[in-house]
file target_18.cif (mmCIF, C-alpha atoms, pLDDT in the B column; chains and numbers go by the auth columns)
data_work
loop_
_atom_site.group_PDB
_atom_site.id
_atom_site.type_symbol
_atom_site.label_atom_id
_atom_site.label_comp_id
_atom_site.label_asym_id
_atom_site.label_seq_id
_atom_site.Cartn_x
_atom_site.Cartn_y
_atom_site.Cartn_z
_atom_site.B_iso_or_equiv
_atom_site.auth_seq_id
_atom_site.auth_asym_id
ATOM 1 C CA GLY A 1 129.022 155.492 50.997 67.00 1 N
ATOM 2 C CA TRP A 2 127.426 155.991 47.583 68.00 2 N
ATOM 3 C CA SER A 3 124.264 154.903 45.850 72.00 3 N
ATOM 4 C CA ARG A 4 124.670 153.611 42.295 75.00 4 N
ATOM 5 C CA ASN A 5 122.321 154.245 39.407 74.00 5 N
ATOM 6 C CA GLN A 6 121.573 150.789 37.957 77.00 6 N
ATOM 7 C CA SER A 7 121.093 152.189 34.455 82.00 7 N
ATOM 8 C CA ASN A 8 124.186 154.338 33.932 83.00 8 N
ATOM 9 C CA GLY A 9 126.446 153.459 36.860 77.00 9 N
ATOM 10 C CA VAL A 10 126.591 157.046 38.159 82.00 10 N
ATOM 11 C CA LEU A 11 127.425 157.291 41.890 82.00 11 N
ATOM 12 C CA THR A 12 125.670 159.625 44.329 78.00 12 N
ATOM 13 C CA GLN A 13 127.323 160.238 47.696 76.00 13 N
ATOM 14 C CA LEU A 14 125.289 159.408 50.794 71.00 14 N
ATOM 15 C CA SER A 15 125.818 160.557 54.375 66.00 15 N
ATOM 16 C CA THR A 16 129.364 160.208 55.701 66.00 16 N
ATOM 17 C CA TYR A 17 130.212 158.706 59.089 61.00 17 N
ATOM 18 C CA HIS A 18 133.515 160.161 60.283 53.00 18 N
ATOM 19 C CA SER A 19 135.918 158.117 62.432 57.00 19 N
ATOM 20 C CA TYR A 20 134.653 154.829 60.963 61.00 20 N
ATOM 21 C CA GLY A 21 136.516 153.017 58.251 64.00 21 N
ATOM 22 C CA GLY A 22 139.261 150.521 57.614 72.00 22 N
ATOM 23 C CA PRO A 23 138.179 147.060 56.451 83.00 23 N
ATOM 24 C CA ILE A 24 134.505 146.682 55.536 89.00 24 N
ATOM 25 C CA ALA A 25 132.237 143.633 55.230 93.00 25 N
ATOM 26 C CA ILE A 26 128.541 143.526 54.271 93.00 26 N
ATOM 27 C CA THR A 27 126.239 140.634 55.146 95.00 27 N
ATOM 28 C CA PRO A 28 124.963 138.592 52.165 93.00 28 N
ATOM 29 C CA ASP A 29 121.418 139.899 52.688 93.00 29 N
ATOM 30 C CA GLY A 30 122.755 143.467 52.478 93.00 30 N
ATOM 31 C CA LEU A 31 121.099 144.466 55.760 95.00 31 N
ATOM 32 C CA HIS A 32 124.229 145.140 57.841 95.00 32 N
ATOM 33 C CA LEU A 33 127.720 146.551 57.383 94.00 33 N
ATOM 34 C CA PHE A 34 130.700 146.001 59.687 93.00 34 N
ATOM 35 C CA CYS A 35 133.856 148.140 59.826 89.00 35 N
ATOM 36 C CA GLU A 36 136.485 149.402 62.236 85.00 36 N
ATOM 37 C CA ASP A 37 135.345 151.901 64.875 82.00 37 N
ATOM 38 C CA LEU A 38 138.172 154.459 64.779 74.00 38 N
ATOM 39 C CA ASN A 39 136.682 156.313 67.754 73.00 39 N
ATOM 40 C CA SER A 40 137.813 153.553 70.084 66.00 40 N
ATOM 41 C CA ASN A 41 141.117 152.528 71.636 62.00 41 N
ATOM 42 C CA PRO A 42 141.642 149.596 71.727 64.00 42 N
ATOM 43 C CA GLY A 43 139.986 148.767 68.447 75.00 43 N
ATOM 44 C CA GLN A 44 136.337 147.893 68.089 85.00 44 N
ATOM 45 C CA ILE A 45 134.114 146.579 65.324 89.00 45 N
ATOM 46 C CA ALA A 46 131.217 148.871 64.443 89.00 46 N
ATOM 47 C CA CYS A 47 127.901 147.627 63.088 91.00 47 N
ATOM 48 C CA PHE A 48 125.564 149.652 60.859 91.00 48 N
ATOM 49 C CA SER A 49 122.135 148.723 59.597 93.00 49 N
ATOM 50 C CA ARG A 50 121.785 149.304 55.853 91.00 50 N
ATOM 51 C CA ASP A 51 118.774 150.343 53.811 90.00 51 N
ATOM 52 C CA THR A 52 118.796 147.926 50.869 88.00 52 N
ATOM 53 C CA LEU A 53 116.936 150.395 48.641 86.00 53 N
ATOM 54 C CA THR A 54 118.995 153.539 49.226 84.00 54 N
ATOM 55 C CA GLY A 55 122.201 152.118 50.726 84.00 55 N
ATOM 56 C CA ALA A 56 121.953 154.563 53.642 85.00 56 N
ATOM 57 C CA LEU A 57 123.629 153.458 56.885 88.00 57 N
ATOM 58 C CA THR A 58 122.492 153.801 60.498 90.00 58 N
ATOM 59 C CA TYR A 59 124.932 153.208 63.344 89.00 59 N
ATOM 60 C CA VAL A 60 123.853 150.364 65.659 90.00 60 N
ATOM 61 C CA SER A 61 126.672 149.440 68.076 87.00 61 N
ATOM 62 C CA SER A 62 130.351 148.536 68.529 86.00 62 N
ATOM 63 C CA VAL A 63 132.123 145.603 70.189 86.00 63 N
ATOM 64 C CA LEU A 64 135.724 145.059 71.258 81.00 64 N
ATOM 65 C CA CYS A 65 137.908 143.335 68.671 77.00 65 N
ATOM 66 C CA GLY A 66 139.610 140.712 70.800 66.00 66 N
ATOM 67 C CA VAL A 67 141.677 142.014 73.710 65.00 67 N
ATOM 68 C CA GLY A 68 143.557 145.273 73.192 67.00 68 N
ATOM 69 C CA ALA A 69 143.697 144.798 69.435 74.00 69 N
ATOM 70 C CA SER A 70 143.079 146.854 66.322 80.00 70 N
ATOM 71 C CA VAL A 71 141.181 145.606 63.275 86.00 71 N
ATOM 72 C CA ILE A 72 143.264 144.648 60.235 85.00 72 N
ATOM 73 C CA GLY A 73 140.668 142.720 58.232 88.00 73 N
ATOM 74 C CA ILE A 74 137.030 141.612 58.451 92.00 74 N
ATOM 75 C CA SER A 75 135.557 138.522 56.774 93.00 75 N
ATOM 76 C CA LEU A 76 132.115 136.934 56.866 95.00 76 N
ATOM 77 C CA THR A 77 131.192 133.310 56.239 96.00 77 N
ATOM 78 C CA PRO A 78 129.148 132.761 53.052 94.00 78 N
ATOM 79 C CA ASN A 79 125.874 132.616 55.002 93.00 79 N
ATOM 80 C CA GLY A 80 126.773 135.762 56.963 94.00 80 N
ATOM 81 C CA GLY A 81 126.396 133.939 60.274 95.00 81 N
ATOM 82 C CA ILE A 82 129.999 134.264 61.478 96.00 82 N
ATOM 83 C CA LEU A 83 132.388 137.223 61.415 96.00 83 N
ATOM 84 C CA TYR A 84 136.174 136.885 61.662 95.00 84 N
ATOM 85 C CA ALA A 85 138.312 139.933 62.465 92.00 85 N
ATOM 86 C CA THR A 86 142.033 139.765 61.784 90.00 86 N
ATOM 87 C CA THR A 87 143.860 141.804 64.438 88.00 87 N
ATOM 88 C CA ASN A 88 147.239 143.439 64.902 86.00 88 N
ATOM 89 C CA ASN A 89 148.128 141.171 67.834 88.00 89 N
ATOM 90 C CA ASP A 90 148.427 138.079 65.623 91.00 90 N
ATOM 91 C CA THR A 91 144.979 136.680 66.328 92.00 91 N
ATOM 92 C CA ILE A 92 141.624 136.247 64.628 93.00 92 N
ATOM 93 C CA ALA A 93 138.644 137.304 66.749 92.00 93 N
ATOM 94 C CA GLN A 94 135.477 135.327 65.989 94.00 94 N
ATOM 95 C CA TYR A 95 131.814 136.225 66.512 95.00 95 N
ATOM 96 C CA SER A 96 128.395 134.896 65.617 96.00 96 N
ATOM 97 C CA VAL A 97 126.160 137.375 63.776 95.00 97 N
ATOM 98 C CA SER A 98 122.420 137.680 64.361 92.00 98 N
ATOM 99 C CA GLY A 99 120.419 140.706 63.304 88.00 99 N
ATOM 100 C CA GLY A 100 123.624 142.717 63.155 87.00 100 N
ATOM 101 C CA VAL A 101 124.542 141.846 66.752 91.00 101 N
ATOM 102 C CA LEU A 102 127.975 140.297 67.313 93.00 102 N
ATOM 103 C CA THR A 103 128.336 137.642 70.017 94.00 103 N
ATOM 104 C CA PRO A 104 131.851 136.365 70.870 93.00 104 N
ATOM 105 C CA LEU A 105 132.504 132.690 70.229 95.00 105 N
ATOM 106 C CA SER A 106 134.479 130.559 72.653 94.00 106 N
ATOM 107 C CA PRO A 107 137.366 130.935 72.440 93.00 107 N
ATOM 108 C CA LEU A 108 137.124 134.566 71.351 92.00 108 N
ATOM 109 C CA THR A 109 140.441 134.461 69.487 92.00 109 N
ATOM 110 C CA VAL A 110 142.639 131.942 67.691 95.00 110 N
ATOM 111 C CA PRO A 111 146.334 132.506 66.882 94.00 111 N
ATOM 112 C CA THR A 112 147.786 133.418 63.486 93.00 112 N
ATOM 113 C CA GLY A 113 151.366 133.864 62.331 87.00 113 N
ATOM 114 C CA ASN A 114 153.314 137.096 62.688 87.00 114 N
ATOM 115 C CA ALA A 115 151.802 140.221 61.083 82.00 115 N
ATOM 116 C CA CYS A 116 148.673 138.537 59.756 85.00 116 N
ATOM 117 C CA SER A 117 147.143 140.696 57.022 81.00 117 N
ATOM 118 C CA MET A 118 143.821 139.104 56.036 83.00 118 N
ATOM 119 C CA THR A 119 141.603 136.015 56.316 89.00 119 N
ATOM 120 C CA ALA A 120 139.913 134.360 53.333 93.00 120 N
ATOM 121 C CA ILE A 121 136.902 132.067 53.791 96.00 121 N
ATOM 122 C CA ALA A 122 136.263 129.146 51.442 97.00 122 N
ATOM 123 C CA PRO A 123 132.867 129.552 49.706 96.00 123 N
ATOM 124 C CA ASN A 124 131.788 126.119 50.973 96.00 124 N
ATOM 125 C CA GLY A 125 132.175 127.464 54.524 95.00 125 N
ATOM 126 C CA LYS A 126 134.448 124.632 55.645 97.00 126 N
ATOM 127 C CA SER A 127 137.871 126.289 55.896 97.00 127 N
ATOM 128 C CA ALA A 128 139.694 129.597 56.261 97.00 128 N
ATOM 129 C CA TYR A 129 143.187 130.856 55.450 96.00 129 N
ATOM 130 C CA ALA A 130 145.175 133.778 56.894 93.00 130 N
ATOM 131 C CA THR A 131 148.299 135.280 55.309 89.00 131 N
ATOM 132 C CA ASN A 132 151.216 136.149 57.594 88.00 132 N
ATOM 133 C CA ILE A 133 153.537 138.784 56.152 82.00 133 N
ATOM 134 C CA ASN A 134 156.510 138.397 58.497 83.00 134 N
ATOM 135 C CA ASN A 135 156.361 134.580 58.622 81.00 135 N
ATOM 136 C CA ASN A 136 155.977 134.202 54.839 85.00 136 N
ATOM 137 C CA SER A 137 153.265 131.682 55.618 90.00 137 N
ATOM 138 C CA ILE A 138 149.550 130.917 55.419 92.00 138 N
ATOM 139 C CA SER A 139 147.728 129.789 58.564 94.00 139 N
ATOM 140 C CA GLN A 140 145.089 127.135 57.843 97.00 140 N
ATOM 141 C CA TYR A 141 141.843 126.527 59.746 97.00 141 N
ATOM 142 C CA SER A 142 138.838 124.259 59.587 97.00 142 N
ATOM 143 C CA ILE A 143 135.455 125.816 60.408 97.00 143 N
ATOM 144 C CA GLY A 144 133.281 123.898 62.859 95.00 144 N
ATOM 145 C CA ALA A 145 129.509 123.540 62.851 92.00 145 N
ATOM 146 C CA GLY A 146 129.225 126.532 65.206 94.00 146 N
ATOM 147 C CA GLY A 147 131.610 128.649 63.135 96.00 147 N
ATOM 148 C CA GLY A 148 134.643 128.331 65.402 97.00 148 N
ATOM 149 C CA LEU A 149 138.084 128.072 63.818 97.00 149 N
ATOM 150 C CA THR A 150 140.386 125.123 64.524 97.00 150 N
ATOM 151 C CA PRO A 151 144.050 125.756 63.600 96.00 151 N
ATOM 152 C CA LEU A 152 145.512 123.226 61.163 96.00 152 N
ATOM 153 C CA GLY A 153 149.046 124.580 61.171 94.00 153 N
ATOM 154 C CA ALA A 154 150.715 126.829 58.625 93.00 154 N
ATOM 155 C CA ILE A 155 152.253 126.321 55.222 91.00 155 N
ATOM 156 C CA VAL A 156 155.444 128.272 54.471 88.00 156 N
ATOM 157 C CA VAL A 157 155.431 129.937 51.059 84.00 157 N
ATOM 158 C CA PRO A 158 158.524 130.789 48.984 77.00 158 N
ATOM 159 C CA SER A 159 157.832 134.513 49.058 67.00 159 N
ATOM 160 C CA SER A 160 158.297 137.569 51.198 63.00 160 N
ATOM 161 C CA ASN A 161 155.265 139.712 52.084 69.00 161 N
ATOM 162 C CA ALA A 162 152.664 136.932 51.833 72.00 162 N
ATOM 163 C CA SER A 163 149.625 139.180 51.723 75.00 163 N
ATOM 164 C CA TYR A 164 146.423 138.910 49.659 81.00 164 N
ATOM 165 C CA ILE A 165 144.666 135.541 49.284 89.00 165 N
ATOM 166 C CA VAL A 166 141.421 134.457 47.607 92.00 166 N
ATOM 167 C CA ILE A 167 139.620 131.126 47.294 95.00 167 N
ATOM 168 C CA SER A 168 138.014 129.793 44.095 95.00 168 N
ATOM 169 C CA LYS A 169 134.219 129.507 43.950 95.00 169 N
ATOM 170 C CA ASP A 170 134.379 125.712 44.077 96.00 170 N
ATOM 171 C CA SER A 171 136.695 125.845 47.137 97.00 171 N
ATOM 172 C CA THR A 172 139.343 123.686 45.449 97.00 172 N
ATOM 173 C CA LYS A 173 142.034 126.320 44.806 96.00 173 N
ATOM 174 C CA ALA A 174 143.635 129.252 46.612 95.00 174 N
ATOM 175 C CA TYR A 175 145.573 132.102 45.015 91.00 175 N
ATOM 176 C CA MET A 176 147.991 134.307 46.924 87.00 176 N
ATOM 177 C CA ILE A 177 149.998 137.404 46.074 83.00 177 N
ATOM 178 C CA GLY A 178 153.641 137.350 47.108 72.00 178 N
ATOM 179 C CA GLY A 179 154.479 141.038 46.929 60.00 179 N
ATOM 180 C CA GLY A 180 158.157 140.611 47.718 60.00 180 N
ATOM 181 C CA HIS A 181 158.701 138.415 44.657 62.00 181 N
ATOM 182 C CA ALA A 182 155.941 139.886 42.433 75.00 182 N
ATOM 183 C CA LEU A 183 154.422 136.434 41.987 79.00 183 N
ATOM 184 C CA LEU A 184 150.955 134.900 41.995 85.00 184 N
ATOM 185 C CA TYR A 185 150.952 131.538 43.798 87.00 185 N
ATOM 186 C CA GLU A 186 148.398 128.792 43.172 92.00 186 N
ATOM 187 C CA PHE A 187 147.479 126.155 45.769 95.00 187 N
ATOM 188 C CA SER A 188 145.184 123.159 45.755 97.00 188 N
ATOM 189 C CA ILE A 189 142.895 122.631 48.769 97.00 189 N
ATOM 190 C CA ASP A 190 142.511 119.097 50.094 97.00 190 N
ATOM 191 C CA PRO A 191 138.741 118.380 50.284 96.00 191 N
ATOM 192 C CA THR A 192 139.131 116.395 53.507 96.00 192 N
ATOM 193 C CA SER A 193 141.978 117.950 55.495 97.00 193 N
ATOM 194 C CA TYR A 194 141.528 121.466 54.004 97.00 194 N
ATOM 195 C CA GLU A 195 145.304 121.822 53.851 97.00 195 N
ATOM 196 C CA LEU A 196 147.030 123.703 51.031 96.00 196 N
ATOM 197 C CA THR A 197 149.537 122.280 48.548 96.00 197 N
ATOM 198 C CA LEU A 198 151.572 124.628 46.384 93.00 198 N
ATOM 199 C CA ILE A 199 150.978 123.910 42.694 93.00 199 N
ATOM 200 C CA GLY A 200 153.005 126.651 41.062 90.00 200 N
ATOM 201 C CA SER A 201 153.491 130.350 40.491 85.00 201 N
ATOM 202 C CA GLN A 202 153.678 132.936 37.743 85.00 202 N
ATOM 203 C CA ALA A 203 154.817 136.513 37.353 80.00 203 N
ATOM 204 C CA ALA A 204 152.281 139.088 38.531 73.00 204 N
ATOM 205 C CA GLY A 205 153.899 142.394 37.633 68.00 205 N
ATOM 206 C CA ASN A 206 155.503 144.930 39.943 68.00 206 N
ATOM 207 C CA ASN A 207 154.158 145.125 43.528 65.00 207 N
ATOM 208 C CA PRO A 208 150.813 143.317 43.048 64.00 208 N
ATOM 209 C CA SER A 209 148.344 144.135 45.829 65.00 209 N
ATOM 210 C CA SER A 210 145.084 142.240 45.246 72.00 210 N
ATOM 211 C CA ILE A 211 143.339 139.490 43.271 73.00 211 N
ATOM 212 C CA VAL A 212 139.876 139.365 41.692 73.00 212 N
ATOM 213 C CA LEU A 213 138.298 136.072 40.597 74.00 213 N
ATOM 214 C CA TYR A 214 135.411 135.875 38.121 70.00 214 N
#
call {"tool": "encode", "arguments": {"input": "target_18.cif", "output": "structure tokens"}}
result
Amino acid sequence: GWSRNQSNGVLTQLSTYHSYGGPIAITPDGLHLFCEDLNSNPGQIACFSRDTLTGALTYVSSVLCGVGASVIGISLTPNGGILYATTNNDTIAQYSVSGGVLTPLSPLTVPTGNACSMTAIAPNGKSAYATNINNNSISQYSIGAGGGLTPLGAIVVPSSNASYIVISKDSTKAYMIGGGHALLYEFSIDPTSYELTLIGSQAAGNNPSSIVLY
């Protein structure tokens, strides 16, 4: 990790933790960081406490990511109370978060499509969406009061390599990169059912890989 000078933007490298990496998520209060524990087999999720003044990390603990799975992506709900880990066995593992401690929800995992790459959480905390590369689809979920995901089925998209997806700040739109067709797809989100409807697409250049919303 690095600290950043607020005046000039200059980065200063902090201590390095070897054998930890992959996807990273930081709680909204900045007190904890979660990533893949590369020391473990099968995969685990590592938790670090974080000094909000210096950015320095301190290892806390690791937990299994589902059953015999490796971590592909990590997402936190807007309030930081729930963590979802996309795995390489076509599931999303789900945990409550308290003081940096992960506690498995019941059920621990919910299914995705084939070769799920990431999970995006709507800012209103009511729904989640996972892109499935080999199915060319997006799995849709509602989020219950306790943070558990309920599958709502999948929407097939007219693209190969359905990969990166983001949700608008008002939780009314979703945008997805279709790498195989070099297109950016736009979807509306139903405010009641949370299901996606394809609105349209536009060219996104050669081999797009991510999206940033402002």
call {"tool": "residues_near_point", "arguments": {"input": "target_18.cif", "point": "(130.2, 126.0, 50.9)", "cutoff": "10 Å", "atoms": "all atoms listed in the file", "output": "PyMOL selection string"}}
result
chain N and resi 77-79+121-127+169-171
call {"tool": "closest_residue", "arguments": {"input": "target_18.cif", "among": "N:Ile82, N:Val166, N:Leu33, N:Ala203", "to": "Ile189 of chain N", "atoms": "all atoms listed in the file"}}
result
N:Val166
call {"tool": "closest_residue", "arguments": {"input": "target_18.cif", "among": "N:Ser188, N:Ser106, N:Ser163, N:Gln6", "to": "Asn134 of chain N", "atoms": "all atoms listed in the file"}}
result
N:Ser163
call {"tool": "resolve_selection", "arguments": {"input": "target_18.cif", "expression": "the PyMOL selection byres ((chain N and resi 58) around 10)", "output": "VMD selection string"}}
result
chain N and resid 15 17 32 to 33 47 to 51 55 to 57 59 to 61
call {"tool": "residues_near_point", "arguments": {"input": "target_18.cif", "point": "(130.4, 140.1, 66.0)", "cutoff": "9 Å", "atoms": "all atoms listed in the file", "output": "NGL selection string"}}
result
:N and (34 or 45-47 or 62-65 or 82-85 or 93-98 or 100-105)
call {"tool": "atom_distance", "arguments": {"input": "target_18.cif", "atom1": "atom CA of Pro23 of chain N", "atom2": "atom CA of Ser75 of chain N"}}
result
8.9 Å
call {"tool": "atom_distance", "arguments": {"input": "target_18.cif", "atom1": "atom CA of Pro28 of chain N", "atom2": "atom CA of Leu149 of chain N"}}
result
20.5 Å
call {"tool": "atom_distance", "arguments": {"input": "target_18.cif", "atom1": "atom CA of Asp37 of chain N", "atom2": "atom CA of Leu76 of chain N"}}
result
17.3 Å
call {"tool": "residues_around", "arguments": {"input": "target_18.cif", "residues": "Gly153 of chain N", "least_positions_apart": "4", "cutoff": "12 Å", "atoms": "only C-alpha atoms", "output": "list in words"}}
result
Val110, Pro111, Thr112, Gly113, Ala128, Tyr129, Ala130, Ser137, Ile138, Ser139, Gln140, Tyr141, Ser142, Leu149, Ser193, Tyr194, Glu195 and Leu196 of chain N
call {"tool": "closest_residue", "arguments": {"input": "target_18.cif", "among": "N:Leu213, N:Ile74, N:Gln44, N:Val156", "to": "Ile24 of chain N", "atoms": "all atoms listed in the file"}}
result
N:Ile74
call {"tool": "closest_residue", "arguments": {"input": "target_18.cif", "among": "N:Ala69, N:Ala162, N:Leu14, N:Ala174", "to": "Val212 of chain N", "atoms": "all atoms listed in the file"}}
result
N:Ala174
call {"tool": "closest_residue", "arguments": {"input": "target_18.cif", "among": "N:Gly81, N:Gly146, N:Gly178, N:Pro107", "to": "Pro158 of chain N", "atoms": "all atoms listed in the file"}}
result
N:Gly178
call {"tool": "resolve_selection", "arguments": {"input": "target_18.cif", "expression": "the PyMOL selection byres ((chain N and resi 164) around 10)", "output": "PyMOL selection string"}}
result
chain N and resi 117-120+130-133+161-163+165-166+175-179+184+208-211
call {"tool": "axis_aligned_box", "arguments": {"input": "target_18.cif", "around": "segment 31-39 of chain N", "padding_each_side": "8 Å", "output": "lines of an AutoDock Vina configuration file"}}
result
center_x = 129.6
center_y = 150.4
center_z = 61.8
size_x = 33.1
size_y = 27.8
size_z = 28.0
call {"tool": "residues_around", "arguments": {"input": "target_18.cif", "residues": "Thr12 of chain N", "least_positions_apart": "2", "cutoff": "8 Å", "atoms": "all atoms listed in the file", "output": "short mmCIF file (atom, residue, chain, number, x, y, z; two decimals) with C-alpha atoms, in the frame of the given file"}}
result
data_model
loop_
_atom_site.label_atom_id
_atom_site.label_comp_id
_atom_site.auth_asym_id
_atom_site.auth_seq_id
_atom_site.Cartn_x
_atom_site.Cartn_y
_atom_site.Cartn_z
CA TRP N 2 127.43 155.99 47.58
CA SER N 3 124.26 154.90 45.85
CA ARG N 4 124.67 153.61 42.30
CA VAL N 10 126.59 157.05 38.16
CA LEU N 14 125.29 159.41 50.79
#
call {"tool": "resolve_selection", "arguments": {"input": "target_18.cif", "expression": "the PyMOL selection byres ((chain N and resi 22) around 9)", "output": "list in words"}}
result
Tyr20, Gly21, Pro23, Ile24, Cys35, Glu36, Asp37, Leu38, Val71, Ile72 and Gly73 of chain N
